[in-house]
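Structure file work.txt with compact mmCIF, C-alpha atoms:
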# COMPACT_ATOMS: atom_id res chain seq x y z
CA MET A 8 97.74 87.77 130.93
CA ASN A 9 101.37 88.95 131.00
CA ILE A 10 101.98 91.22 133.98
CA ALA A 11 105.02 93.39 134.77
CA ILE A 12 105.54 94.56 138.35
CA LEU A 13 107.62 97.75 138.57
CA GLY A 14 108.57 100.27 141.25
CA CYS A 15 110.28 98.05 143.85
CA ARG A 16 113.93 97.10 144.16
CA GLY A 17 113.15 93.54 143.18
CA ILE A 18 112.72 90.12 144.69
CA PRO A 19 113.64 88.24 146.83
CA ALA A 20 112.71 91.02 149.26
CA GLU A 21 115.73 92.78 150.76
CA TYR A 22 114.53 96.28 151.50
CA GLY A 23 110.99 97.28 152.44
CA GLY A 24 107.24 96.87 152.14
CA PHE A 25 106.87 96.95 148.36
CA GLU A 26 109.54 94.28 147.93
CA THR A 27 107.83 92.06 150.52
CA PHE A 28 104.51 92.64 148.77
CA ALA A 29 105.91 91.89 145.30
CA GLU A 30 107.41 88.65 146.57
CA GLY A 31 104.11 87.52 148.08
CA LEU A 32 102.00 88.57 145.10
CA THR A 33 104.19 86.80 142.54
CA GLU A 34 104.22 83.62 144.60
CA ASN A 35 100.43 83.57 144.82
CA LEU A 36 99.60 84.69 141.26
CA MET A 37 102.10 82.30 139.69
CA GLU A 38 100.09 79.47 141.25
CA LYS A 39 97.19 80.70 139.08
CA ASP A 40 99.28 80.50 135.85
CA TYR A 41 99.94 84.20 135.28
CA GLU A 42 103.16 85.12 133.50
CA ILE A 43 104.90 87.77 135.62
CA THR A 44 108.05 89.85 135.20
CA VAL A 45 109.51 91.84 138.11
CA SER A 46 111.91 94.74 137.61
CA CYS A 47 114.99 94.51 139.83
CA GLU A 48 117.82 96.78 140.87
CA TYR A 49 121.28 96.17 139.42
CA LYS A 50 123.18 93.11 140.59
CA PRO A 51 126.45 91.68 139.30
CA PRO A 52 125.80 88.96 136.69
CA GLU A 53 127.06 86.21 138.99
CA GLU A 54 124.46 87.17 141.67
CA ARG A 55 121.45 87.34 139.35
CA ARG A 56 118.62 84.85 139.18
CA GLU A 57 116.59 84.31 136.05
CA ARG A 58 113.44 83.54 138.04
CA TYR A 59 112.16 83.69 141.59
CA ASN A 60 108.80 82.32 142.77
CA GLY A 61 108.32 81.40 139.12
CA ALA A 62 108.44 85.06 138.05
CA LYS A 63 110.98 86.30 135.51
CA LEU A 64 113.47 88.83 136.90
CA ASP A 65 114.72 91.75 134.77
CA TYR A 66 117.72 93.71 136.10
CA PHE A 67 118.63 97.39 135.58
CA PRO A 68 122.03 97.53 133.85
CA ILE A 69 123.54 100.42 135.89
CA LYS A 70 124.97 100.23 139.43
CA PRO A 71 123.23 102.39 142.06
CA PRO A 72 125.17 105.41 143.38
CA LYS A 73 125.81 105.90 147.11
CA ASN A 74 124.90 109.60 147.18
CA TYR A 75 121.30 110.14 148.44
CA LEU A 76 120.19 112.64 145.76
CA LEU A 77 121.82 110.68 142.96
CA ARG A 78 120.18 107.55 144.36
CA LYS A 79 116.70 109.10 144.03
CA PHE A 80 117.44 110.14 140.45
CA TYR A 81 118.80 106.64 139.75
CA GLU A 82 115.62 104.98 141.05
CA ASN A 83 113.43 107.23 138.89
CA LEU A 84 115.60 106.55 135.86
CA SER A 85 115.38 102.81 136.52
CA ASP A 86 111.58 102.99 136.78
CA ILE A 87 111.27 104.92 133.51
CA TYR A 88 113.64 102.46 131.79
CA PHE A 89 111.50 99.48 132.83
CA LEU A 90 108.28 101.34 132.08
CA ILE A 91 109.42 101.70 128.47
CA LYS A 92 111.02 98.27 128.15
CA LEU A 93 108.33 96.12 129.76
CA SER A 94 105.35 97.92 128.22
CA ARG A 95 106.18 96.36 124.85
CA ASN A 96 105.40 92.76 125.77
CA ASN A 97 103.07 92.93 128.75
CA ASP A 98 99.31 93.31 128.93
CA LEU A 99 99.38 94.97 132.34
CA ILE A 100 101.92 97.25 133.97
CA TYR A 101 101.49 97.20 137.75
CA PHE A 102 103.45 100.12 139.17
CA LEU A 103 104.15 100.18 142.91
CA GLY A 104 104.30 103.78 144.10
CA ILE A 105 103.75 107.19 142.55
CA GLU A 106 107.29 108.55 142.19
CA ILE A 107 107.13 108.69 138.37
CA GLY A 108 103.37 109.19 138.06
CA MET A 109 103.87 111.84 135.39
CA PHE A 110 105.32 109.15 133.09
CA LEU A 111 102.57 106.55 133.43
CA PHE A 112 101.11 107.62 130.08
CA LEU A 113 104.09 105.97 128.30
CA PRO A 114 102.73 102.40 128.16
CA LYS A 115 99.73 103.58 126.11
CA ILE A 116 102.05 105.15 123.54
CA ILE A 117 104.36 102.13 123.36
CA ASN A 118 101.65 99.46 123.38
CA ARG A 119 98.10 100.74 122.96
CA SER A 120 96.61 97.48 124.23
CA SER A 121 98.46 97.61 127.57
CA LYS A 122 96.80 98.63 130.83
CA VAL A 123 98.35 100.53 133.72
CA MET A 124 97.58 99.78 137.34
CA VAL A 125 99.16 101.82 140.15
CA ASN A 126 99.44 101.13 143.87
CA ILE A 127 99.61 104.59 145.43
CA ASP A 128 101.21 103.40 148.70
CA GLY A 129 100.96 105.93 151.57
CA VAL A 130 100.89 109.70 151.90
CA MET A 131 104.39 110.05 150.48
CA TRP A 132 104.35 113.85 150.24
CA LYS A 133 103.94 114.10 154.03
CA ARG A 134 107.18 112.27 154.79
CA SER A 135 109.44 114.58 156.76
CA LYS A 136 112.60 113.08 155.24
CA PHE A 137 111.79 114.84 151.95
CA ASN A 138 112.48 118.53 151.34
CA ARG A 139 109.79 120.95 150.17
CA LEU A 140 110.56 120.47 146.46
CA GLU A 141 110.49 116.66 146.79
CA ARG A 142 107.14 116.80 148.58
CA TRP A 143 105.66 119.01 145.87
CA LEU A 144 106.91 116.64 143.16
CA LEU A 145 105.52 113.62 145.03
CA LYS A 146 102.10 115.23 145.37
CA MET A 147 102.08 116.14 141.67
CA ASN A 148 103.14 112.62 140.70
CA HIS A 149 100.45 111.17 142.97
CA ASP A 150 97.77 113.24 141.21
CA LEU A 151 99.07 112.42 137.72
CA ALA A 152 99.40 108.71 138.53
CA THR A 153 95.69 108.59 139.35
CA VAL A 154 94.92 110.37 136.05
CA PHE A 155 96.98 108.10 133.77
CA ALA A 156 96.28 104.77 135.51
CA ASP A 157 93.44 102.57 134.28
CA ASN A 158 93.15 101.07 137.76
CA ILE A 159 94.19 102.48 141.13
CA ILE A 160 94.98 100.23 144.10
CA VAL A 161 94.85 101.44 147.70
CA ASP A 162 96.20 99.10 150.38
CA SER A 163 94.18 100.87 153.07
CA LEU A 164 90.59 102.09 153.03
CA GLU A 165 91.85 105.30 154.62
CA MET A 166 93.90 106.00 151.49
CA LYS A 167 90.69 106.49 149.50
CA LYS A 168 90.47 109.89 151.18
CA TYR A 169 93.50 110.92 149.13
CA ILE A 170 91.94 109.95 145.79
CA ASP A 171 90.01 112.54 143.78
CA LYS A 172 86.31 111.63 143.92
CA ASN A 173 86.22 111.57 140.11
CA LYS A 174 88.78 108.73 140.16
CA LEU A 175 87.07 106.55 142.77
CA HIS A 176 85.21 104.57 140.11
CA LYS A 177 88.53 103.01 139.02
CA THR A 178 89.89 102.57 142.56
CA SER A 179 90.01 99.20 144.34
CA TYR A 180 90.96 98.38 147.91
CA LEU A 181 93.43 95.48 147.99
CA SER A 182 95.72 95.37 151.00
CA TYR A 183 99.06 93.71 151.59
CA GLY A 184 98.94 89.95 152.11
CA ILE A 185 100.37 87.94 154.96
CA LYS A 186 100.80 84.24 155.65
CA ILE A 187 100.79 82.50 159.00
CA PRO A 188 104.44 81.84 159.89
CA GLU A 189 105.73 78.63 161.40
CA ARG A 190 106.46 78.84 165.11
CA ILE A 191 110.18 79.18 165.75
CA THR A 192 111.49 77.73 168.99
CA TRP A 193 114.03 79.92 170.76
CA ASN A 194 117.30 78.01 171.00
CA GLY A 195 121.04 78.47 170.83
CA ASP A 196 121.29 77.92 167.08
CA THR A 197 118.84 80.68 166.19
CA VAL A 198 120.53 83.30 168.40
CA LYS A 199 124.07 82.76 167.13
CA HIS A 200 123.62 85.49 164.54
CA LEU A 201 122.33 87.91 167.17
CA LYS A 202 125.30 87.25 169.46
CA MET A 203 127.62 88.25 166.62
CA LEU A 204 125.78 91.58 166.31
CA THR A 205 125.53 92.54 169.99
CA PRO A 206 127.26 91.56 173.25
CA ILE A 207 124.00 92.12 175.16
CA GLU A 208 122.10 88.94 175.96
CA ILE A 209 118.59 88.79 174.47
CA SER A 210 116.23 86.44 176.29
CA PRO A 211 112.85 85.19 175.06
CA GLY A 212 109.91 87.21 176.40
CA LYS A 213 112.20 89.87 177.84
CA TYR A 214 112.66 92.57 175.20
CA TYR A 215 110.62 95.13 173.30
CA LEU A 216 110.86 94.93 169.49
CA LEU A 217 110.78 97.54 166.73
CA VAL A 218 111.10 96.63 163.02
CA ALA A 219 111.09 99.58 160.61
CA ARG A 220 113.07 101.84 158.36
CA LEU A 221 114.64 104.22 160.86
CA GLU A 222 113.08 107.48 159.70
CA PRO A 223 111.36 110.41 161.51
CA GLU A 224 107.84 109.59 160.24
CA ASN A 225 108.18 106.18 161.88
CA ASN A 226 108.64 107.93 165.24
CA ILE A 227 111.94 106.26 166.11
CA HIS A 228 112.91 109.31 168.24
CA THR A 229 109.59 109.20 170.12
CA ILE A 230 109.93 105.48 170.83
CA ILE A 231 113.51 105.66 172.09
CA GLN A 232 112.82 108.75 174.22
CA ALA A 233 109.86 106.98 175.82
CA PHE A 234 111.91 103.83 176.36
CA SER A 235 114.69 105.87 177.98
CA GLN A 236 112.22 107.50 180.38
CA ALA A 237 110.40 104.25 181.18
CA ARG A 238 113.58 102.74 182.72
CA VAL A 239 112.43 99.14 182.32
CA ASP A 240 114.90 96.34 182.98
CA ILE A 241 114.72 94.80 179.50
CA PRO A 242 116.29 95.95 176.21
CA LEU A 243 114.66 97.52 173.17
CA VAL A 244 115.69 95.56 170.07
CA VAL A 245 115.65 97.67 166.88
CA VAL A 246 115.73 95.99 163.45
CA GLY A 247 116.18 98.28 160.45
CA ASP A 248 118.55 100.73 158.78
CA PHE A 249 118.85 104.51 158.96
CA THR A 250 118.30 106.47 155.75
CA SER A 251 119.91 109.67 157.10
CA THR A 252 123.23 110.02 158.95
CA THR A 253 121.93 113.15 160.70
CA TYR A 254 118.91 111.28 162.04
CA GLU A 255 121.11 108.33 162.98
CA GLU A 256 123.33 110.60 165.11
CA GLU A 257 120.27 112.12 166.77
CA ILE A 258 118.80 108.72 167.62
CA LYS A 259 122.03 107.23 168.92
CA ASP A 260 122.56 110.27 171.16
CA ILE A 261 119.12 109.61 172.71
CA ALA A 262 119.88 105.89 173.00
CA GLU A 263 123.06 106.58 174.96
CA GLU A 264 120.93 108.10 177.72
CA CYS A 265 119.11 104.80 178.28
CA GLU A 266 120.04 102.75 181.31
CA ASP A 267 121.32 99.20 180.81
CA PRO A 268 120.43 96.98 179.05
CA GLY A 269 119.44 99.85 176.74
CA VAL A 270 118.81 99.84 172.97
CA ILE A 271 120.19 97.16 170.67
CA PHE A 272 120.51 98.20 167.00
CA LEU A 273 120.69 95.06 164.84
CA GLY A 274 120.47 96.71 161.42
CA SER A 275 118.40 95.09 158.69
CA ILE A 276 117.71 91.35 158.95
CA TYR A 277 116.37 89.42 155.95
CA ASP A 278 116.61 85.94 157.46
CA GLN A 279 112.88 85.26 157.74
CA LYS A 280 113.23 82.57 160.39
CA LEU A 281 115.33 84.85 162.56
CA LEU A 282 112.82 87.69 162.16
CA ASN A 283 109.93 85.37 163.01
CA MET A 284 111.79 84.19 166.09
CA LEU A 285 112.26 87.78 167.25
CA ARG A 286 108.61 88.65 166.63
CA GLN A 287 107.24 85.53 168.28
CA ASN A 288 109.26 85.91 171.48
CA CYS A 289 109.17 89.64 172.29
CA THR A 290 107.39 91.21 175.26
CA ALA A 291 105.59 93.59 172.88
CA TYR A 292 106.01 95.07 169.40
CA ILE A 293 106.18 98.87 169.00
CA HIS A 294 104.88 100.36 165.74
CA GLY A 295 105.47 104.06 165.15
CA HIS A 296 104.48 104.44 161.47
CA THR A 297 102.33 107.49 160.71
CA VAL A 298 102.00 108.01 156.95
CA GLY A 299 100.31 104.68 156.00
CA GLY A 300 98.57 102.95 154.41
CA THR A 301 98.82 99.40 155.68
CA ASN A 302 102.35 98.51 156.82
CA PRO A 303 103.57 94.92 156.25
CA SER A 304 105.64 95.11 159.45
CA LEU A 305 102.46 95.69 161.47
CA LEU A 306 100.72 92.72 159.83
CA GLU A 307 103.73 90.50 160.46
CA ALA A 308 103.80 91.48 164.13
CA ALA A 309 100.06 90.89 164.48
CA ILE A 310 100.13 87.44 162.86
CA SER A 311 102.96 86.55 165.28
CA LYS A 312 100.55 87.05 168.22
CA ASN A 313 102.27 90.10 169.66
CA ILE A 314 101.03 92.71 172.05
CA ILE A 315 100.95 95.67 169.64
CA ILE A 316 101.81 99.18 170.86
CA ALA A 317 100.95 101.40 167.88
CA HIS A 318 101.00 105.10 167.12
CA GLU A 319 97.48 106.51 167.28
CA ASN A 320 96.43 107.23 163.68
CA SER A 321 93.73 106.12 161.28
CA PHE A 322 95.99 103.74 159.30
CA ASN A 323 97.05 101.72 162.34
CA ARG A 324 93.51 101.81 163.74
CA GLU A 325 92.18 100.34 160.51
CA VAL A 326 94.42 97.29 160.89
CA CYS A 327 94.15 96.68 164.63
CA GLU A 328 90.96 98.47 165.76
CA SER A 329 90.62 97.76 169.51
CA SER A 330 93.18 94.94 169.45
CA ALA A 331 96.21 97.14 170.16
CA VAL A 332 97.50 99.65 172.71
CA TYR A 333 97.91 103.16 171.25
CA PHE A 334 100.10 106.19 172.01
CA LYS A 335 100.23 109.77 170.72
CA ASN A 336 103.39 111.10 172.36
CA VAL A 337 106.43 110.24 174.47
CA LYS A 338 104.61 110.41 177.81
CA GLU A 339 101.77 108.11 176.71
CA LEU A 340 104.21 105.56 175.32
CA GLU A 341 106.33 105.69 178.48
CA ILE A 342 103.26 104.82 180.56
CA LYS A 343 102.29 101.94 178.25
CA LEU A 344 105.82 100.51 178.27
CA LYS A 345 105.92 100.51 182.07
CA SER A 346 102.45 98.97 182.35
CA ILE A 347 103.16 96.13 179.92
CA TYR A 348 106.54 95.44 181.52
CA ARG A 349 104.92 95.06 184.95
CA HIS A 350 101.62 93.41 183.96
CA ASP A 351 102.12 91.82 180.53
CA GLU A 352 99.79 88.90 181.37
CA SER A 353 96.83 91.31 181.57
CA TYR A 354 97.39 92.21 177.89
CA ASN A 355 97.46 88.61 176.60
CA GLU A 356 93.93 88.72 175.16
CA LEU A 357 95.04 91.50 172.79
CA LYS A 358 97.49 89.05 171.16
CA ASN A 359 94.69 86.66 170.27
CA ARG A 360 92.31 89.39 169.12
CA VAL A 361 94.78 91.03 166.74
CA TYR A 362 95.80 87.61 165.42
CA ARG A 363 92.18 86.71 164.67
CA ARG A 364 91.56 90.09 163.01
CA VAL A 365 94.59 89.86 160.70
CA SER A 366 93.88 86.19 159.91
CA LYS A 367 90.38 87.13 158.82
CA ASN A 368 91.25 90.12 156.65
CA TYR A 369 94.85 89.97 155.45
CA LEU A 370 95.90 86.39 154.64
CA TRP A 371 97.23 85.93 151.09
CA ASP A 372 94.36 83.65 150.08
CA HIS A 373 91.94 86.51 150.73
CA ILE A 374 94.10 89.15 149.03
CA THR A 375 94.88 86.93 146.02
CA ALA A 376 91.16 86.29 145.48
CA GLY A 377 90.66 90.04 145.28
CA TYR A 378 93.44 90.43 142.71
CA LEU A 379 92.10 87.54 140.62
CA THR A 380 88.66 89.15 140.57
CA LEU A 381 90.13 92.47 139.46
CA LEU A 382 92.37 90.89 136.79
CA THR A 383 89.39 88.95 135.42
CA LYS A 384 87.45 92.20 135.23
CA ILE A 385 90.32 93.92 133.38
CA LYS A 386 90.52 91.06 130.84
CA GLN A 387 86.76 91.19 130.34
CA GLU A 388 86.87 94.95 129.72
CA ASP A 389 89.62 94.40 127.14
CA ARG A 390 87.45 91.91 125.27
CA GLU A 391 84.51 94.31 125.25
CA LEU A 392 86.67 97.05 123.76
CA ILE A 393 87.77 94.92 120.78
CA THR A 394 85.86 95.92 117.64
CA PRO A 395 84.50 93.41 115.06
CA MET A 396 87.13 94.61 112.58
CA GLU A 397 89.91 93.80 115.10
CA ILE A 398 88.39 90.35 115.76
CA ASN A 399 88.34 89.55 112.01
CA TYR A 400 91.93 90.79 111.70
CA GLU A 401 93.04 88.51 114.56
CA ARG A 402 91.23 85.56 112.95
CA LYS A 403 92.96 86.16 109.62
CA LYS A 404 96.32 86.27 111.37
CA ALA A 405 95.54 82.99 113.11
Would it be possible to restate this file's structure as structure tokens?
Amino acid sequence: MNIAILGCRGIPAEYGGFETFAEGLTENLMEKDYEITVSCEYKPPEERRERYNGAKLDYFPIKPPKNYLLRKFYENLSDIYFLIKLSRNNDLIYFLGIEIGMFLFLPKIINRSSKVMVNIDGVMWKRSKFNRLERWLLKMNHDLATVFADNIIVDSLEMKKYIDKNKLHKTSYLSYGIKIPERITWNGDTVKHLKMLTPIEISPGKYYLLVARLEPENNIHTIIQAFSQARVDIPLVVVGDFTSTTYEEEIKDIAEECEDPGVIFLGSIYDQKLLNMLRQNCTAYIHGHTVGGTNPSLLEAAISKNIIIAHENSFNREVCESSAVYFKNVKELEIKLKSIYRHDESYNELKNRVYRRVSKNYLWDHITAGYLTLLTKIKQEDRELITPMEINYERKKA
């Protein structure tokens, strides 16, 4: 089966959850002899790779604009371009997200034998970074994506609540995958990069960690306000980029109120060993995501044996159950930060429990087996739909 993965910025992963997922899925499916193509954002010819993880990479020919609104239009245009282009020679189009759900009928017009599978991601239309028109369009595209898709993927069981009951028969739960990382020893070589980014010393076991896109629905403001009020004598290390200059100014104003050592903004880090080192050596990991489904950053923190401090919502509960500490507001988080700072040894069992839970349910072997079962089912359905006349025609061609 030839499969095209669309809707992310490409691999190797250098942006967010869908890119991380696409990288992991291609690596694991290519081991099973599937032919996969991944759509990628524009890169100069000298920076392009023909393949990664064995998958073929196909690049959009136009450079992305810097303006936010033009950027959103650019991403939609890129997705439609690849939807048309890759439908011609692929048996399955796997679209990550719902942003162009209204166009997912195109593969059936271009190649009537192709199938469309869509991963609906989280509750996109509830993201506060979008204006009212954008939210309406996202909800409409979500609904149309579930109409046009032959198969719907939810990465969280909670996301089934957002699928029309008449579409549940073609909906499958297949979460993000994770692999157990190698243990990274904290040493001078691995912190050189950090020392270039911040003059503040970061010591193993003596910092809180946050890894996320720095957006309101990820509760960055709540986390930093709580950290400021907790007045603990260790820094908060923040990995990720802002998507809004207004929100960035708001957050940095709050951060300035923190007592030393304060908040350390490291920006995005794509060095996996460096990220693993940060996760494996923090006092605790703070996860503020609210609009689900399953967040790769939460899985990565859990598999690193962290104390997890997560926002109280059904998506985070589904992943961690009773193996995390939860907060609903600034005051609750402030109390949890103080408690863990003073008595972190009393929370150690949570590290092992969340590690065991994620190892049981989210490792790539488990997730890949689910995808292989679904892909086998799709191929079988295709065979059953072929008429005797079509079989005879194929034999004559052969």
Using only C-alpha atoms: which of A:Gly61, A:Gly14, A:Gly184, A:Pro52 has the shortest distance to Met37 of chain A: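 Comparing A:Gly61, A:Gly14, A:Gly184, A:Pro52 against Met37 of chain A, the winner is A:Gly61.
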Test item: residues at most 9 Å from Ile191 of chain A, only C-alpha atoms, excluding those fewer than 3 positions along its chain, as a PyMOL selection string: chain A and resi 188+194+197+280-281+283-285+287-288
Please build the interface table for segment 13-40 of chain A against segment 90-106 of chain A with a cut-off of 12 Å, listing for each qualifying residue the nearest atom pair and the distance in Å to one decimal; count all atoms listed in the file, order rows by chain and increasing number, and write it as CSV.
residue,atom,partner,partner_atom,distance
A:Leu13,CA,A:Phe102,CA,4.8
A:Gly14,CA,A:Leu103,CA,4.7
A:Cys15,CA,A:Leu103,CA,6.6
A:Arg16,CA,A:Leu103,CA,10.3
A:Gly17,CA,A:Leu103,CA,11.2
A:Gly24,CA,A:Leu103,CA,10.3
A:Phe25,CA,A:Leu103,CA,6.9
A:Glu26,CA,A:Leu103,CA,9.4
A:Thr27,CA,A:Leu103,CA,11.7
A:Phe28,CA,A:Leu103,CA,9.6
A:Ala29,CA,A:Leu103,CA,8.8
A:Leu32,CA,A:Tyr101,CA,11.3
A:Thr33,CA,A:Tyr101,CA,11.8
Residue contacts of segment 155-157 of chain A (10 Å, only C-alpha atoms) excluding same-chain residues fewer than 4 positions away, as a list in words: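 Listed by chain and then number, they are Leu99, Ile100, Tyr101, Phe102, Gly108, Met109, Phe110, Leu111, Phe112, Leu113, Pro114, Lys115, Ser121, Lys122, Val123, Met124, Val125, Asn126, Asp150, Leu151, Lys174, Lys177, Thr178 and Ile385 of chain A.
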Among the residues A:His294, A:Arg78, A:Lys259, A:Arg238, the one that comes closest to Ile342 of chain A [using all atoms listed in the file]: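 Smallest separation from Ile342 of chain A among the options: A:Arg238.
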Of the listed residues A:Pro242, A:Phe67, A:Glu257, A:Ile276, that which approaches Tyr81 of chain A most closely, counting all atoms listed in the file: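 Checking each of A:Pro242, A:Phe67, A:Glu257, A:Ile276 against Tyr81 of chain A, counting all atoms listed in the file, the winner is A:Phe67.
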Atomic distance atom CA of Cys289 of chain A - atom CA of Gly212 of chain A, expressed in Å with one decimal: 4.8 Å
Spatial neighbours of Asn368 of chain A, 9 Å, only C-alpha atoms, chain gap at least 4 places, as JSON, numbers by chain: {"A": [182, 184, 326, 363, 364, 373, 374]}
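Closest approach to Ile87 of chain A from the set A:Ile107, A:Ile227, A:Val298, A:Val361 is made by A:Ile107, with distances taken over all atoms listed in the file.
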Of the listed residues A:Val239, A:Leu282, A:Ile314, A:Ala20, that which approaches Glu356 of chain A most closely, counting all atoms listed in the file: A:Ile314
Nearest to Glu307 of chain A, chosen from A:Trp371, A:Ile230, A:Arg286, A:Ser330, with all atoms listed in the file counted in the distances: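 Looking only at the distances to Glu307 of chain A, the closest residue turns out to be A:Arg286.
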Show me, as CSV, the residues of segment 268-352 of chain A having an atom within 6 Å of segment 246-256 of chain A, each with the closest atom pair and its distance in Å, using all atoms listed in the file.
residue,atom,partner,partner_atom,distance
A:Leu273,CA,A:Val246,CA,5.2
A:Gly274,CA,A:Gly247,CA,4.7
A:Ser275,CA,A:Gly247,CA,4.3
Expected answer as a PyMOL selection string: all residues with atoms within 8 Å of (109.8, 102.2, 162.9), all atoms listed in the file: chain A and resi 217-222+225-227+247+293-296
Coordinates-based distance that separates atom CA of Ile12 of chain A from atom CA of Ile43 of chain A (Å, one decimal):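 Atom-to-atom, atom CA of Ile43 of chain A to atom CA of Ile12 of chain A, that is 7.3 Å.
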Test item: residues at most 10 Å from Thr301 of chain A, only C-alpha atoms, excluding those fewer than 5 positions along its chain, as a PyMOL selection string: chain A and resi 24+128-129+161-166+182-183+296+306+322-326
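Going from atom CA of Gly299 of chain A over to atom CA of Val130 of chain A, you cover 6.5 Å.
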All residues 7 Å or closer to Leu216 of chain A, all atoms listed in the file, same chain fewer than 3 positions away omitted, as a count of residues only: 7
Around segment 90-94 of chain A, with edges along x, y and z and 3 Å added on all six sides, what centre and edge lengths do you get, in Å to one decimal, as lines of an AutoDock Vina configuration file?
center_x = 108.2
center_y = 98.9
center_z = 130.1
size_x = 11.7
size_y = 11.6
size_z = 9.9
Reconstruct N, CA and C atoms of segment 370-389 of chain A; output as a compact mmCIF listing (two decimals), in the coordinates of the input.
# COMPACT_ATOMS: atom_id res chain seq x y z
N LEU A 370 95.15 87.54 155.14
CA LEU A 370 95.90 86.39 154.64
C LEU A 370 95.95 86.42 153.11
N TRP A 371 97.02 85.85 152.54
CA TRP A 371 97.23 85.93 151.09
C TRP A 371 96.09 85.30 150.29
N ASP A 372 95.48 84.26 150.81
CA ASP A 372 94.36 83.65 150.08
C ASP A 372 93.26 84.69 149.82
N HIS A 373 92.98 85.47 150.83
CA HIS A 373 91.94 86.51 150.73
C HIS A 373 92.36 87.62 149.76
N ILE A 374 93.61 88.06 149.89
CA ILE A 374 94.10 89.15 149.03
C ILE A 374 94.23 88.69 147.58
N THR A 375 94.74 87.47 147.38
CA THR A 375 94.88 86.93 146.02
C THR A 375 93.53 86.82 145.33
N ALA A 376 92.51 86.39 146.07
CA ALA A 376 91.16 86.29 145.48
C ALA A 376 90.69 87.64 144.98
N GLY A 377 91.02 88.70 145.72
CA GLY A 377 90.66 90.04 145.28
C GLY A 377 91.38 90.44 144.01
N TYR A 378 92.68 90.11 143.92
CA TYR A 378 93.44 90.43 142.71
C TYR A 378 92.93 89.62 141.51
N LEU A 379 92.61 88.37 141.73
CA LEU A 379 92.10 87.54 140.62
C LEU A 379 90.78 88.10 140.09
N THR A 380 89.93 88.55 140.99
CA THR A 380 88.66 89.15 140.57
C THR A 380 88.91 90.39 139.74
N LEU A 381 89.84 91.24 140.20
CA LEU A 381 90.13 92.47 139.46
C LEU A 381 90.77 92.17 138.11
N LEU A 382 91.71 91.23 138.06
CA LEU A 382 92.37 90.89 136.79
C LEU A 382 91.38 90.29 135.80
N THR A 383 90.44 89.50 136.29
CA THR A 383 89.39 88.95 135.42
C THR A 383 88.54 90.08 134.84
N LYS A 384 88.23 91.05 135.67
CA LYS A 384 87.45 92.20 135.23
C LYS A 384 88.20 92.99 134.16
N ILE A 385 89.52 93.19 134.36
CA ILE A 385 90.32 93.92 133.38
C ILE A 385 90.35 93.17 132.04
N LYS A 386 90.52 91.85 132.08
CA LYS A 386 90.52 91.06 130.84
C LYS A 386 89.17 91.15 130.13
N GLN A 387 88.09 91.11 130.91
CA GLN A 387 86.76 91.19 130.34
C GLN A 387 86.53 92.54 129.66
N GLU A 388 87.00 93.62 130.30
CA GLU A 388 86.87 94.95 129.72
C GLU A 388 87.65 95.05 128.42
N ASP A 389 88.82 94.41 128.37
CA ASP A 389 89.62 94.40 127.14
C ASP A 389 88.85 93.73 126.00
